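Student: Quick one: structure below, then a few questions.
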Amino acid sequence: MAKAKRPQQAPQAPVSSSTLSETERRELLRYMVMAREFDAAMLRLYRQGKAFGGVYSQLGNEAVSVGTAYALDTKADVLFPMHRNIGSHFVFGQDLDTLMVNHLARKGSQMRGTDGTGHYADPAKRIYGNVSHLGAMIPVAAGFVLASKMRGESCVALTYIGDGGAQVGEVHEALNFAAVQRLPLILVIENNQYAYSTPSSLEFACERLSDRALGYGIDGVTIDGTDVELVLATTRKAVERARRGEGPTLIETVTMRMRGHAEHDDFAYVPKAMLEEWAAKDPVERYAERLIADGVMSTESVKQLREETLAHMIAAIDRAVELPWPDAEEAFRNVFMDEVAQ
Amino acid sequence: MAKAKRPQQAPQAPVSSSTLSETERRELLRYMVMAREFDAAMLRLYRQGKAFGGVYSQLGNEAVSVGTAYALDTKADVLFPMHRNIGSHFVFGQDLDTLMVNHLARKGSQMRGTDGTGHYADPAKRIYGNVSHLGAMIPVAAGFVLASKMRGESCVALTYIGDGGAQVGEVHEALNFAAVQRLPLILVIENNQYAYSTPSSLEFACERLSDRALGYGIDGVTIDGTDVELVLATTRKAVERARRGEGPTLIETVTMRMRGHAEHDDFAYVPKAMLEEWAAKDPVERYAERLIADGVMSTESVKQLREETLAHMIAAIDRAVELPWPDAEEAFRNVFMDEVAQ
Amino acid sequence: MIMTYLEAIADGLRVAMRNDERVFMIGEDIGTYGGAFKLTKGFLEEFGPQRIMDAPISESAIIGAAIGASLNGMRPVAEMQFIDFITNGFNQLVTVAGTTAYRWSLPVPMVVRGPSGGGVGGNPFHSRNPENWFVHATGLKVVCPAFPADAKGLMMSAIRDNDPVIYFEHKGLYRKIKEDVPEGEYYVPLGKARIVRPGKHVSVIAYGSAVHMALEAAATLEAEGLDVEVIDIRSLVPFDEATVLDSVRRTGRAVVAHEAVLTGGFGGEIVARISEKAFTFLDAPVVRVAAFDSPTPFAPTLERAVLPNAGGIADAVRRTAAF
Amino acid sequence: MIMTYLEAIADGLRVAMRNDERVFMIGEDIGTYGGAFKLTKGFLEEFGPQRIMDAPISESAIIGAAIGASLNGMRPVAEMQFIDFITNGFNQLVTVAGTTAYRWSLPVPMVVRGPSGGGVGGNPFHSRNPENWFVHATGLKVVCPAFPADAKGLMMSAIRDNDPVIYFEHKGLYRKIKEDVPEGEYYVPLGKARIVRPGKHVSVIAYGSAVHMALEAAATLEAEGLDVEVIDIRSLVPFDEATVLDSVRRTGRAVVAHEAVLTGGFGGEIVARISEKAFTFLDAPVVRVAAFDSPTPFAPTLERAVLPNAGGIADAVRRTAAF
Ligand SMILES: Cc1ncc(C[n+]2csc(CCOP(=O)(O)OP(=O)(O)O)c2C)c(N)n1
Ligand SMILES: Cc1ncc(C[n+]2csc(CCOP(=O)(O)OP(=O)(O)O)c2C)c(N)n1
Ligand SMILES: [Mg+2]
Ligand SMILES: [Mg+2]
């Protein structure tokens, strides 16, 4: 009865030479830059005092949301993003203005002002947003692909949970259910070291969160979440398994939450050294450098991409923030679908 | 990302020669016989049409409830039994008449008729019964020993869950919490192949339920649940770890539920061959034979033990079943403790 | 055809499943075993393991999967083996299912159903009547049938509805109540109360098992010259206020009865609506009859003591009539 | 000492922890961070990580652990970061905590507390007022303070109580409401309502944020010559029926207000008790003011539209007075 040990995992070959096309690589960088600059633009809004509701930075998580979502067939699969997955929305083709008006809950929002941030659903884009209650959408994602499976359709669900949220009971129930039914569900545990102010050591006591896969009889792996190509390659394997009917995969991505839980949080509880260490592993900077080194992009084109993207983001935010709030009457509609139909 | 594999487990040395004293071995048999004959007596009651409420046989589980509970210090530790753990109640010194009156919810029951079966609590005996909602008492057991730990007291909690109940979200939350706080909690997963009519294959997809230990960073082991000395030895190690402050242990005991979920259930869904296979591994018969072979008991004394125990059980049941139901006024008391005090 | 309440529910489910491929069931022991109450006996054979899905003991996963499947074109019916275990899937219902139409304008056509209620020695964990939790959650429809035909018709409507419906079966009625039930497709609209016994002296407004208590009380009181009107609410959300108010405006006197515990229950809601909207018609205070505010105890002596019954309703009606 | 509502709650907790070693707190981010609302700021430093325990995101484990610790001699206070997340620990509260005294005659002296309520742009998942779920669960005491001194005194009483108490803080009042609060030990008994503004024309019965709306309405109406009595229920379980009935018997007119959604809410319970027990004293129907039956929307335009406010209460009082 020795302390349970992790099974041997196939060593992760450092992705030295990329197997991706230049177009793919440029796209990956572009989506990551979009995520990064979305953050910058929202931060600007927050500092202007115009943001309303929480502003959850995803700084440091670009490679995870982009790399995972990029592995999917955005026309057939389905995305259940969490609060730091704005990159996934972009990969799924969400249009910037729609995103902003939803995010800021202005008139024209798909949620009619009933909610904001990334909580919206856009069935045409195959995106079903989260609710605040952590983990609550994982059983829902499982049920979504259960329906596809029943109809013989190929549809993989990609969803996420944090190192903190992974402790919610519903995560256990959903993963186990998906494992028993061999559902095409990919759960990415975004281990960014903190859950709000709570360090991982107070959230769980296992060495790797992917160690939980064994207890469900599914595949599990822990990877560096700052390496977008590794994230993509890992998720692609999970997608292939899912399509072959081999069931769910658990992918733990190790990153660092580089800002506070939300912008009101000064994250004084995070050791400075930790932030510095992870800053050196910045997923966007590093990937840009790599593409430059590989001759896929020039320094100049990267700079231009970033500047143009930021400008776009700011413009879209500025458009959205000037929109009026939805009409008060919206509040009294759609509690039930028969009211929607009326 | 190969399919996650179970870590190597130390091979379980077949317990050929016992390290227990003759007294201990006789006691183990006696408690198992009590559990076995309690079942027989309850079955008789059921057939007489005098049982009221569910009658949950524990046939085949004697070695688990007795072997685990016997590893504890019944004066300092605490028992949170489940519905097939009547053997544990006996080990914790529960007196037969108290048990019966509680079980049958008659006048004088510690639960005043508000509930029956093994749901009672008897703080003096350090027994806190279960509720029907599977898994709900595991967080409670964790909190109980958390309190002891805060006061610097040594108190290990022993609790159980089934192969079905292990899928409840609260089990996950409780085990993880206990692991983080390194609480002296022993969770025995009684894998008896079925959850009501549902076979294990529809409850979970992992090979062993003890594989879940890894995901909490705690010790886990799967053992033959029909070998009482193995169960005892395994639990003793878990108790030692708990006392050393090394946290929870997960023990999966593999057995077979030899009757229906409750007596109304004809368990036609269980393959006959399976029952026959397990009947050959009967924990009580086998242990009796072993004690006879080792010269600890004689065939005659075993026979006598069984007959006397059954007679005792029947007598106690007959006494209890003749008791009146509690007075109706009890129904209106004790919803709140201030009413208790009045 | 004469059917028990249980058979009628099963029939409603069966017809819905035959008519609509999108309908499937998920729950614990509903397949091979045919359900703890044998309500789905024969379903596995007819519909196969994909549409009669035995799930792990994971109420959150069961309800959550139903939500997800309903968002993706299916019409799932999730069974709680006992409705009490809905507390383990509570978050899915109130947080996700009940808010989705409002937030996303998307249908969540699902039913959660299961045996509720006491009186059968179920103990505190197999006897709850928790319907008002869901009434007070927003976005969930709540149905409590009392008769076989209604049970079938409401089941079929619940499955066809585009919103999440929680359908409370009363286990004490399963085999006790029989009546003629229309065959094939049969729909009773959600949100319509039914006057099950017209009367002119006092209106008794009830649902679920309390309707039968009310009818028994009405029969007793008839001999005393009291003509009691009994209204079966049938559906708590939507609530048919008009039928209730109309009755009370005619009789001027009302008793409200349910098996759920008194305090914080749906009875309060009914009384509040009556006393706000039919105030000038009232000749007597509206009285509630409900369970004592405690868990439902196990021993029969105690359980009988806390649950409402026909005698209690008769007393309340007498007091109301005499006011 | 002048304290905000938030400071008063913190003070009650602090004094209880200083006086009684058995009291400890468990919740998410309550230690180093001092809580999402900084309510427990400085607690970790004073009481250490064992008594200010940062727990994993596991509401069932948090509440369950509190139950277990309370069965073993402690007096835990569990924080829900937002009270909305209590839905994830719902089973522990209603199934275990609320039935233990009844079944085992053992005390479960624990408090579950957290920020409830809307009006601050919290979205549908950070704005609930779910108190009536627990009122209707049996075995749970339910407290909803509206003022700093009461908040402190009720907190200290809740911790000293031998039953599980759910203590609803209104996040909109945290920093908005200030008053003089007694220092040191201070107890406000559970189960006692308080007349916060005596008046003779109409009784407004409210709790939590609605008390402040009622007071604002009363101030407005004073100018119109209407003398409104405002009663702060403070504690829903136990409920001080006597104070409410006494007031209504004096004024003959009542308005009941709460921020929770209307249907199935505690307001119905209050109205039912008034209309049953003060019927002959009533000169007008009792009217309820509450939130529209929907989730609490996010956009300020929508949120304002669904929540009750002083204007709505004033209108209801005017209608009642004019009846
Ligand atoms: C069930 C539940 N409990 C508590 C919260 C409050 N809460 C919101 S985010 C958060 C921390 C989440 O941490 P983690 O899961 O690691 O995700 P991260 O924010 O780090 O990406 C908490 C405690 C919640 N939303 N849901
Ligand atoms: C949360 C919950 N869901 C459903 C049930 C109904 N139920 C009672 S026992 C049981 C089967 C339990 O199987 P298992 O956990 O394997 O224990 P066993 O009876 O085999 O010992 C079920 C489904 C319950 N009691 N609690
Ligand atoms: Mg995190
Ligand atoms: Mg089992």
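Ordering of the structure tokens sets the chain letters (A, B, ...); residue numbers start at 1 within each chain; ligands are numbered from 1 in the order shown.
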Would you kindly return, as an NGL selection string, each protein, DNA or RNA residue with an atom no farther than 9 Å from any atom of D:Pro124, considering only C-alpha atoms and excluding same-chain residues fewer than 6 positions away?

Tutor: (:A and (114-115 or 131-132)) or (:C and (95 or 99 or 103)) or (:D and (118 or 295-298))

Student: Counting only C-alpha atoms, which residues from chain C have an atom at most 10 Å from any atom of chain A, and could you show them as number ranges by chain?

Tutor: C: 21-22, 24, 50-51, 53, 55-76, 88-89, 91-92, 95-109, 138-141, 161-164, 238

Student: Would you list the contacts of D:Arg253 as a list in words, taking every protein, DNA or RNA residue within 9 Å and counting only C-alpha atoms, but skipping same-chain residues closer than 2 positions in sequence?

Tutor: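 Skipping anything fewer than 2 positions along the chain leaves His201, Val202, Ser203, Val204, Val248, Arg249, Arg250, Thr251, Val255, Phe281, Leu282, Asp283, Ala284, Pro285, Val286, Val317, Thr320 and Ala321 of chain D.
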
Student: Chain C residues within 7 Å of chain D, counting only C-alpha atoms: which ones, as a PyMOL selection string?

Tutor: chain C and resi 87-88+90-91+99+132-133+135-136+138-139+263-266+268-269+271-272+275-276+279+285-287+293-295

Student: Those residues you just picked out, can you put them in a file as an mmCIF file, in the first residue's frame with C-alpha atoms?

Tutor:
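Printed below is part-v2.cif as written:
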```cif
data_model
loop_
_atom_site.group_PDB
_atom_site.id
_atom_site.type_symbol
_atom_site.label_atom_id
_atom_site.label_comp_id
_atom_site.auth_asym_id
_atom_site.auth_seq_id
_atom_site.Cartn_x
_atom_site.Cartn_y
_atom_site.Cartn_z
ATOM 1 C CA THR C 87 -31.099 17.767 -3.934
ATOM 2 C CA ASN C 88 -27.931 16.230 -5.426
ATOM 3 C CA PHE C 90 -30.238 20.933 -7.459
ATOM 4 C CA ASN C 91 -27.585 23.223 -8.865
ATOM 5 C CA THR C 99 -31.942 30.321 -16.446
ATOM 6 C CA ASN C 132 -42.016 24.875 -3.951
ATOM 7 C CA TRP C 133 -38.209 25.039 -4.074
ATOM 8 C CA VAL C 135 -41.543 27.179 -8.044
ATOM 9 C CA HIS C 136 -39.351 29.740 -6.304
ATOM 10 C CA THR C 138 -37.653 30.839 -11.772
ATOM 11 C CA GLY C 139 -37.610 29.335 -15.230
ATOM 12 C CA THR C 263 -44.106 26.954 6.173
ATOM 13 C CA GLY C 264 -42.698 28.512 3.046
ATOM 14 C CA GLY C 265 -44.803 26.201 0.884
ATOM 15 C CA PHE C 266 -46.855 26.821 -2.209
ATOM 16 C CA GLY C 268 -48.790 30.481 1.081
ATOM 17 C CA GLU C 269 -48.575 31.586 -2.525
ATOM 18 C CA VAL C 271 -53.446 32.183 -0.112
ATOM 19 C CA ALA C 272 -51.573 35.359 -0.943
ATOM 20 C CA SER C 275 -56.338 37.336 -0.348
ATOM 21 C CA GLU C 276 -54.906 39.992 -2.602
ATOM 22 C CA PHE C 279 -60.355 40.035 -0.832
ATOM 23 C CA PRO C 285 -60.077 33.648 6.428
ATOM 24 C CA VAL C 286 -58.369 31.267 4.032
ATOM 25 C CA VAL C 287 -57.010 28.348 6.000
ATOM 26 C CA ASP C 293 -42.826 21.552 9.726
ATOM 27 C CA SER C 294 -40.547 18.595 10.297
ATOM 28 C CA PRO C 295 -38.797 15.951 8.243
#
```

Student: What does the list of residues within 7 Å of ligand 4 look like if you count only C-alpha atoms and all ligand atoms, written as a count of residues only?

Tutor: 11

Student: How far is it from atom CA of B:Val55 to atom CA of B:Ser210, in Å with one decimal?

Tutor: 28.5 Å

Student: Using only C-alpha atoms, which residues sit within 12 Å of A:Glu24 once same-chain residues fewer than 6 positions away are excluded, as a ChimeraX atom specification?

Tutor: /A:18,30-31,66-67,70-71,91,228-229,232,291,296

Student: Could the residues in this selection be written to a file with N, CA, C and O atoms, as an mmCIF file, in the first residue's frame?

Tutor:
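Listed below is the output, out_26.cif:
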```
data_model
loop_
_atom_site.group_PDB
_atom_site.id
_atom_site.type_symbol
_atom_site.label_atom_id
_atom_site.label_comp_id
_atom_site.auth_asym_id
_atom_site.auth_seq_id
_atom_site.Cartn_x
_atom_site.Cartn_y
_atom_site.Cartn_z
ATOM 1 N N SER A 18 8.546 22.067 -36.246
ATOM 2 C CA SER A 18 7.092 22.036 -36.292
ATOM 3 C C SER A 18 6.591 21.176 -37.442
ATOM 4 O O SER A 18 7.200 21.117 -38.499
ATOM 5 N N ARG A 30 -1.795 34.536 -34.649
ATOM 6 C CA ARG A 30 -2.802 35.592 -34.766
ATOM 7 C C ARG A 30 -3.885 35.467 -33.688
ATOM 8 O O ARG A 30 -4.242 36.435 -33.030
ATOM 9 N N TYR A 31 -4.375 34.240 -33.487
ATOM 10 C CA TYR A 31 -5.402 34.052 -32.452
ATOM 11 C C TYR A 31 -4.855 34.381 -31.070
ATOM 12 O O TYR A 31 -5.547 34.968 -30.230
ATOM 13 N N VAL A 66 -6.179 28.892 -27.400
ATOM 14 C CA VAL A 66 -6.027 28.844 -28.859
ATOM 15 C C VAL A 66 -5.601 27.447 -29.317
ATOM 16 O O VAL A 66 -6.186 26.877 -30.239
ATOM 17 N N GLY A 67 -4.598 26.894 -28.666
ATOM 18 C CA GLY A 67 -4.085 25.582 -29.082
ATOM 19 C C GLY A 67 -5.121 24.484 -28.988
ATOM 20 O O GLY A 67 -5.207 23.609 -29.850
ATOM 21 N N TYR A 70 -8.040 25.144 -31.619
ATOM 22 C CA TYR A 70 -7.569 25.000 -32.995
ATOM 23 C C TYR A 70 -7.564 23.537 -33.436
ATOM 24 O O TYR A 70 -7.556 23.243 -34.629
ATOM 25 N N ALA A 71 -7.584 22.641 -32.479
ATOM 26 C CA ALA A 71 -7.583 21.206 -32.811
ATOM 27 C C ALA A 71 -8.964 20.712 -33.244
ATOM 28 O O ALA A 71 -9.108 19.591 -33.721
ATOM 29 N N VAL A 91 -10.994 31.488 -32.221
ATOM 30 C CA VAL A 91 -10.748 30.332 -33.090
ATOM 31 C C VAL A 91 -12.069 29.814 -33.669
ATOM 32 O O VAL A 91 -12.139 29.398 -34.812
ATOM 33 N N VAL A 228 2.122 26.569 -27.551
ATOM 34 C CA VAL A 228 0.876 26.417 -28.306
ATOM 35 C C VAL A 228 0.908 25.207 -29.240
ATOM 36 O O VAL A 228 -0.106 24.535 -29.430
ATOM 37 N N GLU A 229 2.051 24.908 -29.781
ATOM 38 C CA GLU A 229 2.091 23.763 -30.702
ATOM 39 C C GLU A 229 1.961 22.445 -29.946
ATOM 40 O O GLU A 229 1.361 21.495 -30.444
ATOM 41 N N LEU A 232 -1.668 22.144 -29.091
ATOM 42 C CA LEU A 232 -2.412 21.729 -30.279
ATOM 43 C C LEU A 232 -2.203 20.243 -30.572
ATOM 44 O O LEU A 232 -3.171 19.495 -30.776
ATOM 45 N N LEU A 291 8.489 31.926 -34.472
ATOM 46 C CA LEU A 291 8.086 32.083 -35.871
ATOM 47 C C LEU A 291 9.059 32.997 -36.612
ATOM 48 O O LEU A 291 9.356 32.773 -37.798
ATOM 49 N N VAL A 296 9.015 32.357 -40.462
ATOM 50 C CA VAL A 296 7.597 32.343 -40.842
ATOM 51 C C VAL A 296 7.009 33.757 -40.802
ATOM 52 O O VAL A 296 6.101 34.097 -41.552
#
```

Student: If you run DSSP on this backbone, which residues of stretch 88-299 of chain A come out as strand (DSSP E or B), and could you give them as a PyMOL selection string?

Tutor: chain A and resi 121-122+127-128+157-162+185-191+194-195+198-199+219-224+249-254

Student: Write the residues of the selection above to a file with N, CA, C and O atoms, as a compact mmCIF listing (two decimals), in the first residue's frame.

Tutor:
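Contents of the output file result20.txt:
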```
# COMPACT_ATOMS: atom_id res chain seq x y z
N ALA A 121 -24.34 32.28 -25.48
CA ALA A 121 -24.31 31.13 -26.39
C ALA A 121 -24.58 31.63 -27.79
O ALA A 121 -25.42 32.52 -28.00
N ASP A 122 -23.88 31.06 -28.72
CA ASP A 122 -24.09 31.38 -30.13
C ASP A 122 -24.10 30.06 -30.90
O ASP A 122 -23.06 29.60 -31.38
N ILE A 127 -20.79 27.79 -30.01
CA ILE A 127 -20.22 28.21 -28.73
C ILE A 127 -21.33 28.27 -27.68
O ILE A 127 -22.36 28.91 -27.90
N TYR A 128 -21.13 27.60 -26.57
CA TYR A 128 -22.08 27.64 -25.45
C TYR A 128 -21.30 28.07 -24.21
O TYR A 128 -20.49 27.32 -23.68
N ALA A 157 -16.84 17.71 -27.93
CA ALA A 157 -16.99 18.89 -27.07
C ALA A 157 -15.67 19.19 -26.39
O ALA A 157 -15.03 18.30 -25.84
N LEU A 158 -15.30 20.46 -26.45
CA LEU A 158 -14.09 20.93 -25.77
C LEU A 158 -14.51 21.84 -24.63
O LEU A 158 -15.24 22.81 -24.86
N THR A 159 -14.08 21.51 -23.43
CA THR A 159 -14.42 22.40 -22.32
C THR A 159 -13.25 22.48 -21.35
O THR A 159 -12.25 21.78 -21.51
N TYR A 160 -13.39 23.36 -20.37
CA TYR A 160 -12.28 23.71 -19.52
C TYR A 160 -12.72 23.80 -18.06
O TYR A 160 -13.89 24.01 -17.76
N ILE A 161 -11.75 23.69 -17.18
CA ILE A 161 -12.01 23.99 -15.76
C ILE A 161 -10.67 24.41 -15.15
O ILE A 161 -9.61 24.05 -15.67
N GLY A 162 -10.73 25.15 -14.07
CA GLY A 162 -9.49 25.61 -13.44
C GLY A 162 -8.96 24.61 -12.42
O GLY A 162 -9.61 23.63 -12.07
N LEU A 185 -15.57 13.90 -25.29
CA LEU A 185 -15.46 15.11 -24.46
C LEU A 185 -14.00 15.32 -24.10
O LEU A 185 -13.34 14.39 -23.63
N ILE A 186 -13.53 16.51 -24.30
CA ILE A 186 -12.16 16.84 -23.89
C ILE A 186 -12.24 17.87 -22.79
O ILE A 186 -12.80 18.95 -22.97
N LEU A 187 -11.70 17.50 -21.64
CA LEU A 187 -11.70 18.45 -20.52
C LEU A 187 -10.27 18.92 -20.30
O LEU A 187 -9.37 18.12 -20.02
N VAL A 188 -10.09 20.21 -20.43
CA VAL A 188 -8.78 20.81 -20.21
C VAL A 188 -8.78 21.42 -18.81
O VAL A 188 -9.61 22.29 -18.52
N ILE A 189 -7.91 20.92 -17.95
CA ILE A 189 -7.78 21.56 -16.64
C ILE A 189 -6.68 22.60 -16.74
O ILE A 189 -5.51 22.27 -16.97
N GLU A 190 -7.10 23.83 -16.63
CA GLU A 190 -6.15 24.93 -16.76
C GLU A 190 -5.55 25.21 -15.40
O GLU A 190 -6.11 25.95 -14.59
N ASN A 191 -4.41 24.58 -15.17
CA ASN A 191 -3.75 24.77 -13.88
C ASN A 191 -2.86 25.99 -13.97
O ASN A 191 -1.73 25.92 -14.43
N TYR A 194 -3.28 29.24 -9.29
CA TYR A 194 -4.13 29.88 -8.29
C TYR A 194 -5.60 29.75 -8.63
O TYR A 194 -5.96 29.75 -9.81
N ALA A 195 -6.39 29.67 -7.61
CA ALA A 195 -7.83 29.78 -7.73
C ALA A 195 -8.19 31.02 -6.90
O ALA A 195 -8.12 30.96 -5.67
N THR A 198 -6.28 31.43 -3.80
CA THR A 198 -5.91 30.16 -3.16
C THR A 198 -4.89 29.39 -4.00
O THR A 198 -5.17 29.06 -5.15
N PRO A 199 -3.73 29.13 -3.43
CA PRO A 199 -2.71 28.39 -4.19
C PRO A 199 -3.11 26.93 -4.35
O PRO A 199 -3.87 26.38 -3.55
N ASP A 219 -7.87 8.67 -20.78
CA ASP A 219 -6.53 9.18 -21.00
C ASP A 219 -6.33 10.50 -20.27
O ASP A 219 -7.26 11.31 -20.21
N GLY A 220 -5.12 10.69 -19.79
CA GLY A 220 -4.82 11.95 -19.14
C GLY A 220 -3.38 12.31 -19.35
O GLY A 220 -2.52 11.43 -19.42
N VAL A 221 -3.13 13.60 -19.45
CA VAL A 221 -1.76 14.03 -19.67
C VAL A 221 -1.60 15.44 -19.12
O VAL A 221 -2.55 16.21 -19.07
N THR A 222 -0.41 15.73 -18.65
CA THR A 222 -0.09 17.08 -18.17
C THR A 222 0.95 17.68 -19.10
O THR A 222 1.95 17.03 -19.38
N ILE A 223 0.67 18.87 -19.58
CA ILE A 223 1.61 19.49 -20.52
C ILE A 223 1.87 20.94 -20.16
O ILE A 223 1.11 21.56 -19.42
N ASP A 224 2.95 21.43 -20.71
CA ASP A 224 3.30 22.85 -20.61
C ASP A 224 2.24 23.64 -21.38
O ASP A 224 2.10 23.49 -22.59
N THR A 249 -10.87 12.68 -22.80
CA THR A 249 -9.47 12.87 -22.42
C THR A 249 -9.39 14.04 -21.45
O THR A 249 -10.13 15.02 -21.59
N LEU A 250 -8.49 13.89 -20.51
CA LEU A 250 -8.22 14.96 -19.54
C LEU A 250 -6.85 15.53 -19.86
O LEU A 250 -5.86 14.79 -19.88
N ILE A 251 -6.79 16.81 -20.14
CA ILE A 251 -5.50 17.44 -20.42
C ILE A 251 -5.26 18.52 -19.38
O ILE A 251 -6.04 19.46 -19.27
N GLU A 252 -4.21 18.37 -18.61
CA GLU A 252 -3.86 19.43 -17.67
C GLU A 252 -2.81 20.33 -18.33
O GLU A 252 -1.75 19.84 -18.74
N THR A 253 -3.14 21.60 -18.42
CA THR A 253 -2.17 22.55 -18.99
C THR A 253 -1.60 23.37 -17.85
O THR A 253 -2.34 23.98 -17.08
N VAL A 254 -0.29 23.40 -17.75
CA VAL A 254 0.34 24.12 -16.65
C VAL A 254 0.78 25.50 -17.14
O VAL A 254 1.54 25.62 -18.11
```

Student: Going by DSSP on the backbone, which residues of stretch 70-283 of chain A come out as alpha helix (DSSP H)? List them as a ChimeraX atom specification.

Tutor: /A:86-91,96-103,137-150,169-180,228-243,272-279,283

Student: So that I can see what lies close to stretch 315-327 of chain A, please list as a ChimeraX atom specification the residues with an atom at most 10 Å from it, counting only C-alpha atoms and leaving out residues fewer than 6 positions away in the same chain.

Tutor: /A:38,41-42,44-45,50-51,96-109,111-114,309 /D:299-302,305

Student: Of the residues A:Asp77, A:Asp211, A:Asp265, A:Glu153, which is the one nearest to chain B, using only C-alpha atoms?

Tutor: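 Between A:Asp77, A:Asp211, A:Asp265, A:Glu153, the residue approaching chain B most closely is A:Asp211.
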
Student: Between A:Gly295, A:Gly93, A:Pro283, A:Gly247, which one has atoms that come closest to chain B, using only C-alpha atoms?

Tutor: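 Smallest distance to chain B is found for A:Gly247.
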
Student: Report, in Å to a single decimal, how far apart atom CA of B:Leu29 and atom CA of B:Val302 are.

Tutor: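 Result for atom CA of B:Val302 versus atom CA of B:Leu29: 8.8 Å, one decimal.
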
Student: Need to verify the contact set: B:Ala205, 7 Å, only C-alpha atoms, exclusion of same-chain residues closer than 4 positions in sequence. Can you return it as a list in words?

Tutor: Ala179, Val180, Tyr216 and Gly217 of chain A; Ser201 of chain B

Student: For ligand 1, which residue among D:Phe37, D:Tyr207, D:Tyr5, D:Phe147 is the nearest when counting only C-alpha atoms and all ligand atoms?

Tutor: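 Checking each of D:Phe37, D:Tyr207, D:Tyr5, D:Phe147 against ligand 1, counting only C-alpha atoms and all ligand atoms, the winner is D:Phe37.
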
Student: Mind giving me the straight-line distance from atom CA of B:Ala288 to atom CA of B:Arg25 in Å, one decimal?

Tutor: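 Atom CA of B:Ala288 sits 9.7 Å away from atom CA of B:Arg25.
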